[in-house]
$ cat final-v1.cif   # mmCIF, C-alpha atoms and all ligand atoms
data_structure
#
loop_
_atom_site.label_atom_id
_atom_site.label_comp_id
_atom_site.auth_asym_id
_atom_site.auth_seq_id
_atom_site.Cartn_x
_atom_site.Cartn_y
_atom_site.Cartn_z
CA MET A 1 23.15 -21.55 7.82
CA GLN A 2 21.39 -21.61 4.45
CA THR A 3 18.48 -19.35 3.61
CA LEU A 4 16.09 -20.85 1.09
CA ARG A 5 13.48 -18.57 -0.41
CA VAL A 6 9.95 -19.77 -1.22
CA GLU A 7 8.28 -17.46 -3.73
CA THR A 8 4.57 -17.93 -3.22
CA GLY A 9 2.84 -15.03 -4.94
CA GLN A 10 2.00 -12.31 -2.46
CA SER A 11 3.59 -13.90 0.59
CA PRO A 12 7.12 -15.14 -0.10
CA TYR A 13 9.08 -16.35 2.91
CA ASN A 14 12.46 -17.64 4.03
CA ILE A 15 13.38 -21.07 5.28
CA TYR A 16 16.39 -20.98 7.58
CA LEU A 17 18.21 -24.31 7.55
CA GLY A 18 21.15 -25.00 9.81
CA SER A 19 22.65 -26.97 12.68
CA GLY A 20 22.25 -25.69 16.24
CA ILE A 21 20.58 -22.46 15.13
CA ILE A 22 17.76 -22.51 17.67
CA GLN A 23 20.40 -22.41 20.43
CA GLN A 24 22.05 -19.25 19.04
CA PRO A 25 20.78 -15.90 20.38
CA ALA A 26 22.31 -14.14 17.36
CA PHE A 27 20.09 -16.15 15.00
CA TRP A 28 16.89 -15.10 16.73
CA SER A 29 17.87 -11.46 16.77
CA THR A 30 17.80 -11.37 12.94
CA LEU A 31 14.20 -12.60 12.70
CA ASN A 32 11.16 -10.51 12.04
CA LEU A 33 9.14 -11.18 15.20
CA ALA A 34 5.78 -9.81 16.26
CA PRO A 35 5.60 -8.10 19.66
CA ARG A 36 3.45 -10.93 21.03
CA GLY A 37 3.54 -14.63 20.19
CA LEU A 38 1.84 -17.87 21.17
CA LEU A 39 4.14 -20.87 20.95
CA ILE A 40 2.24 -24.09 20.22
CA SER A 41 3.90 -27.44 20.87
CA ASN A 42 3.24 -30.81 22.49
CA PRO A 43 4.74 -32.20 25.72
CA VAL A 44 7.11 -34.60 23.91
CA VAL A 45 8.72 -31.90 21.79
CA ALA A 46 8.43 -29.18 24.44
CA GLN A 47 10.51 -31.13 26.98
CA HIS A 48 13.45 -30.97 24.57
CA TYR A 49 13.08 -27.65 22.76
CA GLN A 50 10.61 -25.26 24.40
CA LEU A 51 13.27 -23.61 26.60
CA PRO A 52 15.78 -22.62 23.90
CA VAL A 53 13.03 -21.58 21.48
CA GLN A 54 11.18 -19.50 24.05
CA ALA A 55 14.45 -17.91 25.18
CA GLY A 56 15.34 -17.06 21.58
CA LEU A 57 11.92 -15.60 20.81
CA GLY A 58 11.94 -13.81 24.16
CA GLN A 59 14.77 -11.53 23.07
CA LYS A 60 12.31 -9.60 20.95
CA GLN A 61 8.89 -11.00 21.78
CA ASN A 62 6.53 -11.52 24.66
CA THR A 63 5.90 -15.24 24.08
CA VAL A 64 3.58 -17.53 25.98
CA ALA A 65 3.29 -21.26 25.38
CA HIS A 66 0.34 -23.57 24.90
CA LEU A 67 0.76 -27.35 24.77
CA VAL A 68 -1.51 -29.66 22.80
CA PRO A 69 -1.48 -33.38 23.73
CA ASP A 70 0.66 -35.52 21.43
CA GLY A 71 -1.03 -37.39 18.60
CA GLU A 72 -2.87 -37.18 15.29
CA SER A 73 -6.27 -37.22 17.05
CA PHE A 74 -5.49 -33.78 18.49
CA LYS A 75 -5.27 -32.22 15.02
CA SER A 76 -8.89 -31.38 15.66
CA LEU A 77 -11.42 -28.59 15.63
CA SER A 78 -11.66 -28.65 19.42
CA GLU A 79 -7.89 -28.08 19.80
CA ALA A 80 -8.05 -25.25 17.23
CA GLU A 81 -10.93 -23.73 19.18
CA LYS A 82 -8.90 -23.90 22.42
CA ILE A 83 -6.13 -21.93 20.69
CA TRP A 84 -8.59 -19.31 19.37
CA ARG A 85 -10.23 -18.91 22.78
CA LEU A 86 -6.86 -18.51 24.46
CA LEU A 87 -5.82 -15.88 21.91
CA ALA A 88 -9.08 -13.99 22.41
CA GLN A 89 -8.97 -14.28 26.20
CA GLU A 90 -5.39 -12.99 26.31
CA LYS A 91 -6.33 -10.18 23.92
CA PHE A 92 -3.94 -11.13 21.14
CA THR A 93 -4.29 -8.76 18.22
CA ARG A 94 -3.90 -9.07 14.45
CA ASP A 95 -0.22 -8.24 14.64
CA SER A 96 0.50 -11.26 16.89
CA GLN A 97 2.24 -14.42 15.74
CA LEU A 98 1.74 -18.12 16.31
CA ILE A 99 4.83 -20.31 16.45
CA ALA A 100 4.50 -24.02 15.64
CA LEU A 101 7.15 -26.14 17.37
CA GLY A 102 6.63 -29.79 16.45
CA GLY A 103 5.96 -32.29 13.70
CA GLY A 104 3.31 -32.16 11.00
CA VAL A 105 0.45 -32.44 13.49
CA ILE A 106 1.45 -29.29 15.40
CA GLY A 107 2.38 -27.53 12.15
CA ASP A 108 -0.95 -28.24 10.43
CA LEU A 109 -3.01 -27.34 13.52
CA THR A 110 -1.09 -24.14 14.26
CA GLY A 111 -1.16 -23.00 10.63
CA PHE A 112 -4.90 -23.63 10.54
CA ALA A 113 -5.44 -21.69 13.78
CA ALA A 114 -3.33 -18.82 12.40
CA ALA A 115 -5.17 -18.80 9.07
CA ASN A 116 -8.49 -18.26 10.80
CA PHE A 117 -7.89 -16.15 13.89
CA MET A 118 -9.03 -12.61 13.06
CA ARG A 119 -9.18 -13.76 9.41
CA GLY A 120 -5.50 -14.62 9.39
CA ILE A 121 -2.42 -13.81 11.46
CA ASP A 122 1.24 -14.59 10.88
CA PHE A 123 2.84 -17.86 11.95
CA ILE A 124 6.34 -19.27 12.09
CA GLY A 125 7.03 -22.96 11.55
CA ILE A 126 9.72 -24.77 13.52
CA PRO A 127 9.37 -28.34 12.21
CA THR A 128 10.94 -31.03 14.40
CA THR A 129 10.37 -34.22 12.39
CA LEU A 130 12.03 -35.13 9.11
CA LEU A 131 8.59 -35.39 7.48
CA ALA A 132 7.65 -31.91 8.64
CA MET A 133 10.96 -30.47 7.38
CA VAL A 134 10.90 -32.01 3.92
CA ASP A 135 7.16 -31.91 3.37
CA SER A 136 4.45 -30.49 5.63
CA SER A 137 6.13 -27.21 6.65
CA VAL A 138 6.64 -26.15 3.04
CA GLY A 139 3.80 -25.18 0.74
CA GLY A 140 1.17 -23.61 2.95
CA LYS A 141 -1.29 -26.48 3.38
CA THR A 142 -2.80 -26.28 6.87
CA GLY A 143 -5.71 -28.19 8.31
CA ILE A 144 -7.45 -30.40 10.81
CA ASN A 145 -9.11 -33.82 10.74
CA LEU A 146 -12.81 -34.61 11.15
CA PRO A 147 -14.16 -37.93 12.44
CA GLN A 148 -15.13 -38.56 8.79
CA GLY A 149 -11.60 -38.24 7.47
CA LYS A 150 -8.16 -36.70 7.61
CA ASN A 151 -7.43 -33.14 6.51
CA LEU A 152 -11.04 -32.51 5.50
CA VAL A 153 -11.03 -28.91 6.72
CA GLY A 154 -8.16 -26.58 6.02
CA ALA A 155 -6.74 -23.54 4.35
CA PHE A 156 -3.81 -22.55 2.21
CA TRP A 157 -1.88 -20.18 4.48
CA GLN A 158 1.80 -19.43 4.10
CA PRO A 159 4.08 -19.03 7.11
CA GLY A 160 6.08 -15.85 7.67
CA ALA A 161 9.23 -17.97 8.09
CA VAL A 162 10.29 -21.56 8.69
CA ILE A 163 13.19 -22.55 10.92
CA MET A 164 14.79 -25.95 10.38
CA ASP A 165 17.45 -26.98 12.87
CA VAL A 166 18.69 -30.46 11.95
CA ASP A 167 20.02 -31.02 15.47
CA VAL A 168 16.45 -31.52 16.73
CA LEU A 169 16.24 -34.68 14.63
CA ARG A 170 18.63 -36.40 17.07
CA THR A 171 15.80 -37.05 19.51
CA LEU A 172 13.34 -38.27 16.87
CA PRO A 173 12.49 -41.99 17.28
CA ASP A 174 14.06 -44.21 14.61
CA ARG A 175 10.73 -45.32 13.16
CA GLU A 176 9.55 -41.71 12.74
CA TYR A 177 12.84 -40.82 11.07
CA ARG A 178 12.61 -43.71 8.58
CA SER A 179 8.98 -42.84 7.89
CA GLY A 180 10.12 -39.34 6.89
CA LEU A 181 12.69 -40.90 4.56
CA ALA A 182 9.86 -42.34 2.47
CA GLU A 183 8.84 -38.78 1.54
CA VAL A 184 12.50 -38.01 0.82
CA ILE A 185 12.76 -40.95 -1.58
CA LYS A 186 9.50 -39.76 -3.17
CA TYR A 187 11.20 -36.55 -4.41
CA GLY A 188 13.81 -38.65 -6.18
CA ALA A 189 11.23 -41.01 -7.67
CA ILE A 190 9.07 -38.24 -9.13
CA GLY A 191 11.70 -35.82 -10.32
CA ASP A 192 15.35 -36.47 -9.54
CA LYS A 193 17.01 -39.75 -10.47
CA ALA A 194 20.44 -38.46 -9.41
CA PHE A 195 19.03 -37.90 -5.91
CA LEU A 196 17.97 -41.57 -5.77
CA GLN A 197 21.54 -42.56 -6.67
CA TRP A 198 22.86 -40.22 -3.97
CA LEU A 199 20.47 -41.75 -1.41
CA ASP A 200 21.72 -45.20 -2.40
CA LEU A 201 25.39 -44.18 -2.03
CA GLN A 202 24.97 -42.23 1.21
CA ARG A 203 22.67 -44.72 2.95
CA ASP A 204 24.86 -45.35 6.01
CA HIS A 205 25.45 -41.62 6.53
CA VAL A 206 21.75 -40.83 6.11
CA ILE A 207 20.76 -43.54 8.58
CA ALA A 208 23.41 -42.24 11.02
CA ARG A 209 21.79 -38.77 10.69
CA GLU A 210 25.12 -37.06 10.01
CA THR A 211 24.74 -33.31 10.15
CA ASP A 212 26.22 -32.43 6.73
CA ILE A 213 24.26 -35.17 5.05
CA LEU A 214 21.02 -34.05 6.69
CA LEU A 215 21.63 -30.46 5.62
CA GLU A 216 22.13 -31.53 2.01
CA LEU A 217 19.23 -33.99 2.00
CA ILE A 218 16.75 -31.51 3.48
CA ALA A 219 17.88 -28.65 1.23
CA ARG A 220 17.39 -30.83 -1.86
CA CYS A 221 13.88 -31.88 -0.80
CA VAL A 222 12.84 -28.35 0.19
CA LYS A 223 14.05 -27.00 -3.17
CA HIS A 224 12.02 -29.66 -5.00
CA LYS A 225 8.88 -28.96 -3.01
CA ALA A 226 9.29 -25.18 -3.18
CA ALA A 227 9.77 -25.26 -6.96
CA ILE A 228 6.58 -27.30 -7.42
CA VAL A 229 4.41 -25.22 -5.06
CA GLU A 230 5.71 -21.98 -6.55
CA ARG A 231 4.49 -23.11 -9.98
CA ASP A 232 1.23 -24.58 -8.67
CA PRO A 233 0.39 -23.16 -5.22
CA ARG A 234 -3.19 -24.49 -5.00
CA GLU A 235 -2.75 -27.93 -6.53
CA SER A 236 -4.54 -27.30 -9.79
CA GLY A 237 -1.96 -29.31 -11.75
CA GLU A 238 1.65 -30.28 -11.22
CA ARG A 239 1.53 -30.19 -7.39
CA ALA A 240 -0.46 -33.43 -7.53
CA LEU A 241 2.82 -35.19 -8.45
CA LEU A 242 3.72 -34.87 -4.77
CA ASN A 243 0.91 -37.35 -4.09
CA PHE A 244 2.92 -40.16 -5.72
CA GLY A 245 2.15 -43.31 -3.72
CA HIS A 246 -0.42 -41.50 -1.60
CA THR A 247 -3.67 -42.80 -3.12
CA PHE A 248 -2.60 -46.41 -2.49
CA GLY A 249 -0.99 -45.33 0.80
CA HIS A 250 -4.08 -43.57 2.14
CA ALA A 251 -6.18 -46.64 1.32
CA ILE A 252 -3.75 -48.82 3.31
CA GLU A 253 -3.86 -46.39 6.25
CA THR A 254 -7.67 -46.31 6.19
CA LEU A 255 -8.08 -50.09 5.96
CA THR A 256 -5.61 -50.66 8.79
CA HIS A 257 -7.31 -47.93 10.87
CA TYR A 258 -4.13 -45.84 11.15
CA THR A 259 -2.80 -48.32 13.71
CA THR A 260 -0.40 -50.51 11.73
CA TYR A 261 1.65 -48.12 9.63
CA LEU A 262 3.05 -44.64 10.06
CA HIS A 263 2.16 -42.35 7.17
CA GLY A 264 5.57 -42.69 5.48
CA GLU A 265 5.47 -46.47 5.78
CA ALA A 266 2.08 -46.62 4.04
CA VAL A 267 3.40 -44.23 1.39
CA ALA A 268 6.43 -46.51 0.85
CA ILE A 269 4.12 -49.44 0.08
CA GLY A 270 1.95 -47.07 -1.97
CA MET A 271 4.89 -45.88 -4.07
CA VAL A 272 5.90 -49.43 -4.89
CA LEU A 273 2.29 -50.25 -5.82
CA ALA A 274 2.13 -47.14 -8.02
CA ALA A 275 5.43 -48.15 -9.66
CA ARG A 276 4.22 -51.74 -10.19
CA PHE A 277 0.96 -50.41 -11.59
CA SER A 278 3.03 -48.30 -13.98
CA VAL A 279 4.73 -51.54 -15.10
CA PHE A 280 1.31 -53.26 -15.35
CA SER A 281 0.01 -50.50 -17.60
CA GLY A 282 3.13 -50.54 -19.75
CA SER A 283 4.76 -47.22 -18.90
CA LEU A 284 7.67 -48.42 -16.72
CA GLU A 285 10.37 -51.10 -16.90
CA THR A 286 10.10 -53.84 -14.26
CA SER A 287 13.72 -53.23 -13.26
CA ALA A 288 12.92 -49.60 -12.35
CA ALA A 289 10.07 -50.64 -10.02
CA ASP A 290 12.41 -53.24 -8.46
CA GLN A 291 15.09 -50.60 -7.96
CA LEU A 292 12.66 -48.32 -6.11
CA ALA A 293 11.45 -51.20 -3.92
CA ASP A 294 15.08 -52.18 -3.15
CA LEU A 295 16.00 -48.64 -2.13
CA LEU A 296 12.98 -48.35 0.19
CA THR A 297 13.72 -51.77 1.69
CA SER A 298 17.35 -50.81 2.27
CA TYR A 299 16.08 -47.89 4.34
CA GLY A 300 14.01 -50.25 6.47
CA LEU A 301 10.67 -49.33 4.92
CA PRO A 302 7.89 -51.81 4.08
CA VAL A 303 7.09 -52.37 0.39
CA GLU A 304 4.57 -55.22 0.28
CA LEU A 305 0.78 -54.89 0.34
CA PRO A 306 -0.36 -56.82 3.43
CA SER A 307 -2.14 -59.99 2.32
CA SER A 308 -5.04 -59.22 4.69
CA LEU A 309 -6.10 -56.28 2.49
CA LEU A 310 -8.44 -57.39 -0.28
CA ALA A 311 -8.26 -55.88 -3.76
CA MET A 312 -11.89 -54.73 -3.76
CA ASP A 313 -11.55 -53.12 -0.32
CA MET A 314 -8.45 -51.30 -1.49
CA LEU A 315 -10.29 -49.98 -4.54
CA VAL A 316 -13.22 -48.72 -2.44
CA ALA A 317 -10.84 -47.05 0.02
CA MET A 318 -8.94 -45.47 -2.87
CA ARG A 319 -12.21 -43.98 -4.15
CA GLY A 320 -12.40 -42.03 -0.89
CA ASP A 321 -9.47 -39.98 -2.15
CA LYS A 322 -10.58 -36.36 -2.56
CA LYS A 323 -8.97 -36.13 -6.00
CA ASN A 324 -11.05 -38.71 -7.86
CA THR A 325 -13.99 -38.63 -10.25
CA ALA A 326 -16.50 -41.42 -10.86
CA GLN A 327 -15.12 -44.60 -12.53
CA GLN A 328 -11.78 -42.92 -13.07
CA MET A 329 -9.01 -42.23 -10.65
CA ARG A 330 -6.22 -39.76 -10.95
CA LEU A 331 -3.02 -41.61 -10.15
CA ILE A 332 0.58 -40.52 -10.24
CA LEU A 333 2.50 -43.02 -12.34
CA LEU A 334 6.13 -43.33 -13.35
CA GLN A 335 7.50 -43.29 -16.88
CA SER A 336 10.98 -43.82 -15.52
CA LEU A 337 12.69 -43.33 -12.18
CA GLY A 338 12.76 -39.56 -11.76
CA HIS A 339 9.87 -38.90 -14.14
CA ALA A 340 6.29 -39.02 -12.87
CA VAL A 341 3.09 -38.17 -14.71
CA ILE A 342 -0.51 -37.53 -13.65
CA GLN A 343 -2.85 -39.98 -15.31
CA GLN A 344 -6.58 -40.77 -15.30
CA VAL A 345 -6.95 -44.50 -14.83
CA GLY A 346 -10.04 -46.71 -15.13
CA GLU A 347 -11.08 -48.44 -11.92
CA GLU A 348 -11.32 -51.80 -13.67
CA SER A 349 -7.66 -51.77 -14.50
CA ILE A 350 -6.70 -50.86 -10.92
CA LEU A 351 -8.82 -53.73 -9.61
CA LYS A 352 -7.20 -56.22 -12.03
CA PHE A 353 -3.79 -54.97 -10.97
CA LEU A 354 -4.55 -55.31 -7.24
CA GLN A 355 -5.91 -58.82 -7.80
CA SER A 356 -2.71 -59.74 -9.65
CA VAL A 357 -0.61 -58.40 -6.74
CA GLN A 358 -2.58 -60.55 -4.31
CA ARG A 359 -2.03 -63.69 -6.36
CA CYS A 360 1.77 -63.24 -6.19
N1 LIG A 401 0.52 -29.77 5.39
C1 LIG A 401 1.07 -30.64 4.59
O1 LIG A 401 1.41 -30.33 3.44
C2 LIG A 401 1.31 -32.03 5.07
C3 LIG A 401 2.11 -32.91 4.32
C4 LIG A 401 2.38 -34.17 4.85
C5 LIG A 401 1.85 -34.54 6.09
N2 LIG A 401 1.07 -33.66 6.77
C6 LIG A 401 0.52 -34.02 8.09
O2 LIG A 401 1.61 -34.19 8.99
C7 LIG A 401 1.17 -35.05 10.05
C8 LIG A 401 2.25 -36.06 10.34
O3 LIG A 401 3.41 -35.35 10.74
P1 LIG A 401 4.62 -36.09 11.48
O4 LIG A 401 4.97 -37.31 10.76
O5 LIG A 401 5.64 -35.05 11.71
O6 LIG A 401 3.96 -36.60 12.84
P2 LIG A 401 3.79 -35.96 14.31
O7 LIG A 401 3.67 -34.51 14.26
O8 LIG A 401 2.70 -36.73 14.95
O9 LIG A 401 5.18 -36.34 14.98
C9 LIG A 401 5.52 -37.71 15.13
C10 LIG A 401 5.93 -38.04 16.57
O10 LIG A 401 7.25 -37.55 16.81
C11 LIG A 401 7.27 -36.74 17.98
N3 LIG A 401 8.30 -35.75 17.75
C12 LIG A 401 8.26 -34.70 16.90
N4 LIG A 401 9.45 -34.11 16.83
C13 LIG A 401 10.26 -34.77 17.67
C14 LIG A 401 11.62 -34.63 18.04
N5 LIG A 401 12.43 -33.74 17.46
N6 LIG A 401 12.13 -35.46 18.97
C15 LIG A 401 11.34 -36.43 19.52
N7 LIG A 401 10.06 -36.63 19.21
C16 LIG A 401 9.53 -35.80 18.28
C17 LIG A 401 5.86 -36.20 18.08
O11 LIG A 401 5.55 -35.78 19.39
C18 LIG A 401 5.05 -37.41 17.63
O12 LIG A 401 4.89 -38.31 18.69
C19 LIG A 401 -0.14 -35.65 9.60
O13 LIG A 401 -1.19 -35.03 10.30
C20 LIG A 401 -0.23 -35.31 8.13
O14 LIG A 401 -1.55 -35.16 7.68
C21 LIG A 401 0.80 -32.42 6.29
#

$ encode --input "final-v1.cif" --output "structure tokens"
Amino acid sequence: MQTLRVETGQSPYNIYLGSGIIQQPAFWSTLNLAPRGLLISNPVVAQHYQLPVQAGLGQKQNTVAHLVPDGESFKSLSEAEKIWRLLAQEKFTRDSQLIALGGGVIGDLTGFAAANFMRGIDFIGIPTTLLAMVDSSVGGKTGINLPQGKNLVGAFWQPGAVIMDVDVLRTLPDREYRSGLAEVIKYGAIGDKAFLQWLDLQRDHVIARETDILLELIARCVKHKAAIVERDPRESGERALLNFGHTFGHAIETLTHYTTYLHGEAVAIGMVLAARFSVFSGSLETSAADQLADLLTSYGLPVELPSSLLAMDMLVAMRGDKKNTAQQMRLILLQSLGHAVIQQVGEESILKFLQSVQRC
């Protein structure tokens, strides 16, 4: 097992990364557990992993479980309220712990509930999707959706510990796994060209979810994310690089009503659009954008903007991005593969670019 440390100001924490660790009583006995805990999961994940996790926690903790229905629409205020009411009803105190067992939806909801119950209690993340391991469980962003938009209410709240057992990825559906790989490729595109070459060489092993390969892949991504959030915990600068492909991607998700693409799939298309826009504005070689598109395609991810999405609609949807100012958008562009920059871009130039993509 590897222990990766995330140094986030006043509340540093460990990430435990290994294979089969949640099944090992000895692993749980080393953890710092509160006397009482509420384990939050959903029925899909719970059927596979609730028993071993609850047994492990139970060595040192009085743990009860609460299941939230599966799906993004349950990352909601009403589900957070149910958790708070349950905690209050069962007389959980400030020294209790929440434990998030699931993908990014369960992680974001549980972290948000923990951040606000009694002005903040501890929580432990046990991410069970590749996306949650390499992205959402690291960095302390928690939150819920409103009918008006995703992640509109939230808090920065760091976990006490994160437990990543790569064996749980065996039950993850193939499409969810590939969607997580888009975020993996993102780390290479923005800051690690050698990682992109590794992903190209190890493709068959990555797709086969081989244990050693997963351990290396996840450790590399976690180290990248941890280094960025340690330097910029509240996204006042460099952390925005992690949004590479996301402004285009969010627009695609919005315009297709979150029904056509998984998040990682929309981000894959978004990254290729951001790379092609970098070529359009003269900062990147065409061959580099092609290379990124080829790598994503080889991992079974989509890279083309659907022809049904009109340039003007894309631009308007991109404006909805929280990070923009009037007439200008902050985009993450590439100067080369492995080197991203944050840039203010005029809307007119984005529109021209999107129109040119549609004509192709
Ligand atoms: N906080 C952050 O920094 C951050 C970053 C990126 C994404 N997010 C959020 O993460 C969410 C998406 O997370 P996600 O992609 O993990 O989706 P998810 O949590 O909805 O999980 C995807 C699906 O896989 C199932 N599943 C999870 N683990 C499984 C396993 N081991 N075996 C079988 N099935 C399993 C889930 O039940 C679900 O049906 C979004 O809400 C997004 O906003 C947050």

$ residues_around --input "final-v1.cif" --residues "Leu351 (chain A)" --least-positions-apart "6" --cutoff "10 Å" --atoms "all atoms listed in the file" --output "tab-separated table (two decimals) with C-alpha atoms, in the frame of the given file"
chain	number	residue	atom	x	y	z
A	311	ALA	CA	-8.26	-55.88	-3.76
A	312	MET	CA	-11.89	-54.73	-3.76
A	313	ASP	CA	-11.55	-53.12	-0.32
A	314	MET	CA	-8.45	-51.30	-1.49
A	315	LEU	CA	-10.29	-49.98	-4.54
A	316	VAL	CA	-13.22	-48.72	-2.44
A	357	VAL	CA	-0.61	-58.40	-6.74

$ residues_near_ligand --input "final-v1.cif" --ligand "ligand LIG 401 (chain A)" --cutoff "8 Å" --atoms "only C-alpha atoms and all ligand atoms" --output "PyMOL selection string"
chain A and resi 42-45+48+70-72+75+102-108+127-132+135-144+150-151+168-173+176+179-180+262-264

$ atom_distance --input "final-v1.cif" --atom1 "CA of Val206 (chain A)" --atom2 "CA of Ile40 (chain A)"
29.3 Å

$ closest_residue --input "final-v1.cif" --among "A:Leu57, A:Ile269, A:Ala115, A:Leu215" --to "Asp294 (chain A)" --atoms "only C-alpha atoms"
A:Ile269

$ axis_aligned_box --input "final-v1.cif" --around "region 295-300 of chain A" --padding-each-side "3 Å" --output "AutoDock Vina command-line options"
--center_x 15.2 --center_y -49.8 --center_z 2.2 --size_x 10.4 --size_y 9.9 --size_z 14.6
